[in-house]
Amino acid sequence: MLARPCALAVAAEVRVSAGLEGVVAGRSSISWVGGETSDLVYRGFDVRELVPGVPYESVAHLLLLGEPPEADPSPVLTEALARARTPSAGALAGTDALDPKLPPLEALRTILSLLGDGSWGYPPRLEDGYRLIAQSPVLLTRFVRRARGLPAVPPRPELGHVANYLHTLHGREAAPQQVAALEAYFDLLADHGMNASTFVLRIAISTHSDLASAATGALGTLKGPLHGGAPSRVLEMLRAIGRPEAAERWIAERLARGELLYGFGHRAYKSEDPRGLLFHEIARRVAAPERVELAETVERVGLAALRAAHPTARIFANVEFYSAVVLDAIGLPPELFTPTFALARTTGWTAHALEQASDNRLIRPDVEYVGPPKGRRWPRPRRDR
Ligand code: ACO
């Protein structure tokens, strides 16, 4: 949009990009989102090369250290996360003091803040990232179990990061198929270019803030349903529709009310979201066939309705659509969908914090001032005159 600035702004025309669409806000070698070509690439590796099968520790190794590990799961990351997994007494006490009625996402936001005990400085260190990645699931599951009246379950050193998350949540070792599906989820959600929450994190780091504070801001951004808050709403939609025959009417009525269809559309992908395609395959393996059939019908009907309403918009199902089916199938309750997304993204957030600090410049854009021009007079006499 071209707009003419008021007298206070610069004399030349300014170009305003609402939503910063098309604005390149920096350089990154962590991940590439190919929105036109259905690509997601981590440091040169197509995610289809990694998922399913590569353990989260190895993906984290790649994202944080730049190269793949010498073995799977990465011995370096396995060791580092195991070493970092014990929260401080303050973080444990703070978590236990939280109101058990809090939704887990609100609790996790406070938990990330609790991790920042004054010892996390600038520039962020890899060790800070290990603490963030390793301790967030321990504290979140401790909170969830306490809210359910259950004792905390300590992590088991012989289990991997994802298996430990399920173990400390449910108090029993998860089935290998569940761990494999959630591992794919963690891998695919680990990073995604300059998404909104990562951008917020990089802004915070650019001011020389610390990683715990930056991650708290990032989670507050991920929470929104236009970003990471969508998956539980996808499940609500599937449950409300109930059976394939009801999809057309339900969707038409929802769109007629001007409401969003969660799980559809993406700012970056103007072609299929590659993660969505992978989650569709995983859903076929782990979810009940009737649930997959319902989701496939809702996808088909939803896309037809959205494309009819917005013929030029190039709308596809996004990552949240089939990932919600997968998370539901492996027994995670909907209130843990977005917190689980955040746990997976702590690796990407750490990688971006380190990268931002390695070549920092304060991120501080301009805004076009469109208020009244300079020169107004205060309506009453001022006291000091
Ligand atoms: N439901 C209803 N209408 C939609 C949807 C949707 N899911 N997606 C796009 N549209 C509409 C937009 O409102 C817009 O309408 P308008 O031209 O009348 O204003 C039109 O289609 C074009 O949309 P775009 O400009 O291409 O979409 P944009 O880049 O602004 O938004 C967004 C992307 C915010 C994700 C949007 O598609 C949306 O709100 N989706 C639903 C929420 C959702 O699923 N979020 C998760 C995203 S994935 C992630 O962040 C991890």
# chains A, B, ... in the order shown; residues from 1 in each chain; ligands from 1
call {"tool": "residues_near_ligand", "arguments": {"ligand": "ligand 1", "cutoff": "9 Å", "atoms": "only C-alpha atoms and all ligand atoms", "output": "ChimeraX atom specification"}}
result
/A:19,21,189,192,195-196,222,224-231,233-234,254-255,258-270,302,306-307,309-321,341
call {"tool": "write_last_selection", "arguments": {"atoms": "N, CA and C atoms", "output": "compact mmCIF listing (two decimals), in the first residue's frame"}}
result
# COMPACT_ATOMS: atom_id res chain seq x y z
N GLY A 19 1.31 -6.40 8.17
CA GLY A 19 1.61 -7.82 8.33
C GLY A 19 3.01 -8.18 7.85
N GLU A 21 4.19 -8.60 5.11
CA GLU A 21 4.23 -9.59 4.01
C GLU A 21 5.27 -9.19 2.99
N LEU A 189 7.83 -29.79 13.78
CA LEU A 189 7.48 -28.49 14.35
C LEU A 189 8.70 -27.79 14.97
N HIS A 192 10.62 -23.19 11.73
CA HIS A 192 9.85 -22.81 10.54
C HIS A 192 10.13 -21.37 10.14
N ASN A 195 8.67 -17.35 11.37
CA ASN A 195 7.27 -17.35 11.80
C ASN A 195 7.08 -16.32 12.91
N ALA A 196 5.82 -16.03 13.26
CA ALA A 196 5.54 -14.91 14.16
C ALA A 196 6.21 -15.07 15.53
N LEU A 222 2.90 -17.54 19.99
CA LEU A 222 2.49 -18.84 19.44
C LEU A 222 1.05 -19.17 19.83
N GLY A 224 -1.68 -17.56 19.91
CA GLY A 224 -2.81 -17.05 19.14
C GLY A 224 -3.30 -18.05 18.09
N PRO A 225 -4.62 -18.12 17.88
CA PRO A 225 -5.17 -19.12 16.95
C PRO A 225 -4.83 -18.87 15.48
N LEU A 226 -4.30 -17.71 15.12
CA LEU A 226 -3.83 -17.56 13.75
C LEU A 226 -2.47 -18.21 13.58
N HIS A 227 -1.84 -18.61 14.69
CA HIS A 227 -0.51 -19.23 14.66
C HIS A 227 -0.63 -20.60 15.33
N GLY A 228 -0.04 -20.80 16.49
CA GLY A 228 0.01 -22.15 17.08
C GLY A 228 -1.20 -22.52 17.92
N GLY A 229 -2.15 -21.61 18.04
CA GLY A 229 -3.32 -21.90 18.87
C GLY A 229 -4.44 -22.60 18.12
N ALA A 230 -4.17 -22.96 16.85
CA ALA A 230 -5.25 -23.52 16.01
C ALA A 230 -5.57 -25.00 16.24
N PRO A 231 -4.61 -25.89 16.62
CA PRO A 231 -4.90 -27.31 16.51
C PRO A 231 -6.03 -27.83 17.38
N ARG A 233 -8.59 -26.20 18.09
CA ARG A 233 -9.81 -25.74 17.43
C ARG A 233 -10.15 -26.62 16.23
N VAL A 234 -9.10 -27.20 15.60
CA VAL A 234 -9.36 -28.16 14.51
C VAL A 234 -10.10 -29.36 15.08
N ARG A 254 -20.67 -21.88 9.05
CA ARG A 254 -19.57 -21.19 9.75
C ARG A 254 -19.01 -20.04 8.90
N LEU A 255 -18.78 -20.31 7.65
CA LEU A 255 -18.23 -19.27 6.78
C LEU A 255 -19.24 -18.15 6.57
N GLY A 258 -18.99 -15.53 8.92
CA GLY A 258 -17.73 -14.76 8.83
C GLY A 258 -16.65 -15.31 9.74
N GLU A 259 -16.79 -16.59 10.16
CA GLU A 259 -15.79 -17.17 11.07
C GLU A 259 -14.72 -17.94 10.29
N LEU A 260 -13.58 -18.10 10.94
CA LEU A 260 -12.46 -18.81 10.29
C LEU A 260 -12.67 -20.32 10.35
N LEU A 261 -12.09 -21.00 9.37
CA LEU A 261 -11.99 -22.46 9.43
C LEU A 261 -10.56 -22.77 9.86
N TYR A 262 -10.40 -23.22 11.09
CA TYR A 262 -9.04 -23.46 11.59
C TYR A 262 -8.42 -24.66 10.88
N GLY A 263 -7.09 -24.56 10.66
CA GLY A 263 -6.40 -25.65 9.96
C GLY A 263 -6.31 -25.43 8.46
N PHE A 264 -6.78 -24.26 7.99
CA PHE A 264 -6.70 -23.95 6.56
C PHE A 264 -6.02 -22.59 6.38
N GLY A 265 -5.20 -22.50 5.34
CA GLY A 265 -4.57 -21.22 5.00
C GLY A 265 -3.23 -21.06 5.69
N HIS A 266 -2.32 -20.39 5.03
CA HIS A 266 -1.01 -20.12 5.62
C HIS A 266 -0.40 -18.90 4.94
N ARG A 267 0.25 -18.08 5.74
CA ARG A 267 0.88 -16.88 5.19
C ARG A 267 2.01 -17.25 4.23
N ALA A 268 2.78 -18.26 4.55
CA ALA A 268 3.94 -18.59 3.71
C ALA A 268 3.61 -19.59 2.61
N TYR A 269 2.79 -20.61 2.92
CA TYR A 269 2.54 -21.67 1.92
C TYR A 269 1.40 -21.27 1.00
N LYS A 270 1.72 -21.07 -0.26
CA LYS A 270 0.69 -20.87 -1.27
C LYS A 270 0.64 -22.13 -2.13
N GLY A 302 -13.97 -28.18 3.04
CA GLY A 302 -13.47 -26.89 3.52
C GLY A 302 -12.68 -26.16 2.44
N LEU A 306 -13.66 -22.58 0.82
CA LEU A 306 -12.74 -21.44 0.96
C LEU A 306 -12.28 -20.94 -0.41
N ARG A 307 -12.02 -21.89 -1.31
CA ARG A 307 -11.54 -21.48 -2.64
C ARG A 307 -12.66 -20.79 -3.42
N ALA A 309 -14.96 -18.96 -1.98
CA ALA A 309 -15.12 -17.64 -1.36
C ALA A 309 -13.93 -16.72 -1.66
N HIS A 310 -12.74 -17.32 -1.86
CA HIS A 310 -11.52 -16.50 -2.08
C HIS A 310 -10.76 -17.09 -3.26
N PRO A 311 -11.28 -16.89 -4.50
CA PRO A 311 -10.72 -17.61 -5.66
C PRO A 311 -9.24 -17.33 -5.93
N THR A 312 -8.73 -16.18 -5.51
CA THR A 312 -7.33 -15.87 -5.82
C THR A 312 -6.38 -16.18 -4.67
N ALA A 313 -6.92 -16.68 -3.55
CA ALA A 313 -6.09 -16.73 -2.32
C ALA A 313 -5.13 -17.91 -2.24
N ARG A 314 -5.32 -18.96 -3.00
CA ARG A 314 -4.45 -20.16 -2.95
C ARG A 314 -4.38 -20.73 -1.51
N ILE A 315 -5.50 -21.27 -1.07
CA ILE A 315 -5.61 -21.80 0.29
C ILE A 315 -5.47 -23.32 0.29
N PHE A 316 -4.68 -23.84 1.22
CA PHE A 316 -4.48 -25.28 1.41
C PHE A 316 -4.66 -25.59 2.89
N ALA A 317 -4.79 -26.89 3.21
CA ALA A 317 -4.79 -27.26 4.63
C ALA A 317 -3.40 -26.95 5.19
N ASN A 318 -3.36 -26.47 6.42
CA ASN A 318 -2.04 -26.18 7.01
C ASN A 318 -1.63 -27.29 7.99
N VAL A 319 -0.45 -27.11 8.58
CA VAL A 319 0.14 -28.14 9.44
C VAL A 319 -0.79 -28.55 10.58
N GLU A 320 -1.63 -27.61 11.03
CA GLU A 320 -2.46 -27.88 12.21
C GLU A 320 -3.57 -28.89 11.92
N PHE A 321 -3.95 -29.03 10.64
CA PHE A 321 -5.13 -29.83 10.33
C PHE A 321 -4.91 -31.31 10.68
N PHE A 341 3.27 -28.17 20.84
CA PHE A 341 3.86 -27.42 19.73
C PHE A 341 5.02 -26.57 20.27
call {"tool": "residues_around", "arguments": {"residues": "Arg43 in chain A", "least_positions_apart": "3", "cutoff": "12 Å", "atoms": "only C-alpha atoms", "output": "PyMOL selection string"}}
result
chain A and resi 28-33+40+46-47+49-50+59-68+191-193+348+351
call {"tool": "closest_atom_pairs", "arguments": {"of": "range 72-175 of chain A", "to": "range 212-218 of chain A", "cutoff": "7 Å", "atoms": "only C-alpha atoms", "output": "JSON lines"}}
result
{"residue": "A:Arg109", "atom": "CA", "partner": "A:Thr216", "partner_atom": "CA", "distance": 5.8}
{"residue": "A:Leu112", "atom": "CA", "partner": "A:Thr216", "partner_atom": "CA", "distance": 5.5}
{"residue": "A:Ser113", "atom": "CA", "partner": "A:Thr216", "partner_atom": "CA", "distance": 5.8}
{"residue": "A:Leu115", "atom": "CA", "partner": "A:Ala212", "partner_atom": "CA", "distance": 6.2}
{"residue": "A:Gly116", "atom": "CA", "partner": "A:Ala212", "partner_atom": "CA", "distance": 5.0}
call {"tool": "write_last_selection", "arguments": {"atoms": "C-alpha atoms", "output": "PDB file, in the first residue's frame"}}
result
ATOM      1  CA  ARG A 109       3.917 -19.411  29.748  1.00  0.00           C
ATOM      2  CA  LEU A 112       9.090 -20.436  30.780  1.00  0.00           C
ATOM      3  CA  SER A 113       9.249 -17.220  32.753  1.00  0.00           C
ATOM      4  CA  LEU A 115      13.122 -20.703  34.131  1.00  0.00           C
ATOM      5  CA  GLY A 116      14.622 -17.225  33.928  1.00  0.00           C
TER       6      GLY A 116
END
call {"tool": "closest_residue", "arguments": {"among": "A:Leu169, A:Val286, A:Leu343, A:Ala247", "to": "Leu219 in chain A", "atoms": "only C-alpha atoms"}}
result
A:Leu343
call {"tool": "closest_atom_pairs", "arguments": {"of": "range 158-271 of chain A", "to": "range 122-142 of chain A", "cutoff": "7 Å", "atoms": "only C-alpha atoms", "output": "CSV"}}
result
residue,atom,partner,partner_atom,distance
A:Tyr165,CA,A:Pro137,CA,6.0
A:Thr168,CA,A:Thr141,CA,6.0
A:Leu169,CA,A:Thr141,CA,5.0
A:His208,CA,A:Tyr122,CA,5.6
A:Ser209,CA,A:Tyr122,CA,6.2
A:Asp210,CA,A:Tyr122,CA,5.4
A:Leu211,CA,A:Pro124,CA,5.9
call {"tool": "atom_distance", "arguments": {"atom1": "CA of Glu173 in chain A", "atom2": "CA of Leu159 in chain A"}}
result
9.0 Å
call {"tool": "atom_distance", "arguments": {"atom1": "CA of Glu236 in chain A", "atom2": "CA of Ala283 in chain A"}}
result
17.0 Å
call {"tool": "select_by_dssp", "arguments": {"residues": "range 93-302 of chain A", "states": "helix (DSSP H, G or I)", "output": "ChimeraX atom specification"}}
result
/A:93-96,104-115,126-147,161-170,176-188,196-206,211-222,231-241,244-256,274-286,289-302
call {"tool": "closest_residue", "arguments": {"among": "A:Ile251, A:Ile205, A:Leu105, A:Val54", "to": "Glu183 in chain A", "atoms": "only C-alpha atoms"}}
result
A:Val54
call {"tool": "closest_residue", "arguments": {"among": "A:Lys374, A:Arg249, A:Arg146, A:Arg48", "to": "Asp187 in chain A", "atoms": "only C-alpha atoms"}}
result
A:Arg48
call {"tool": "residues_around", "arguments": {"residues": "Ile330 in chain A", "least_positions_apart": "5", "cutoff": "9 Å", "atoms": "only C-alpha atoms", "output": "PyMOL selection string"}}
result
chain A and resi 177-179+181-182+286-287+325
call {"tool": "atom_distance", "arguments": {"atom1": "CA of Glu335 in chain A", "atom2": "CA of Val144 in chain A"}}
result
10.2 Å
call {"tool": "closest_residue", "arguments": {"among": "A:Val367, A:Ala71, A:Ala184, A:Ala147", "to": "Ala163 in chain A", "atoms": "only C-alpha atoms"}}
result
A:Ala184
call {"tool": "residues_around", "arguments": {"residues": "range 89-98 of chain A", "least_positions_apart": "2", "cutoff": "7 Å", "atoms": "only C-alpha atoms", "output": "ChimeraX atom specification"}}
result
/A:87,100,111,114-115,139,143
call {"tool": "closest_residue", "arguments": {"among": "A:Leu201, A:Ala175, A:Ala252, A:Val76", "to": "Thr350 in chain A", "atoms": "only C-alpha atoms"}}
result
A:Leu201
call {"tool": "residues_around", "arguments": {"residues": "range 359-362 of chain A", "least_positions_apart": "6", "cutoff": "10 Å", "atoms": "only C-alpha atoms", "output": "list in words"}}
result
Gly26, Arg27, Pro123, Arg202, Ile203, Ala204, Ile205, Ser206, Thr207, His208 and Ala353 of chain A
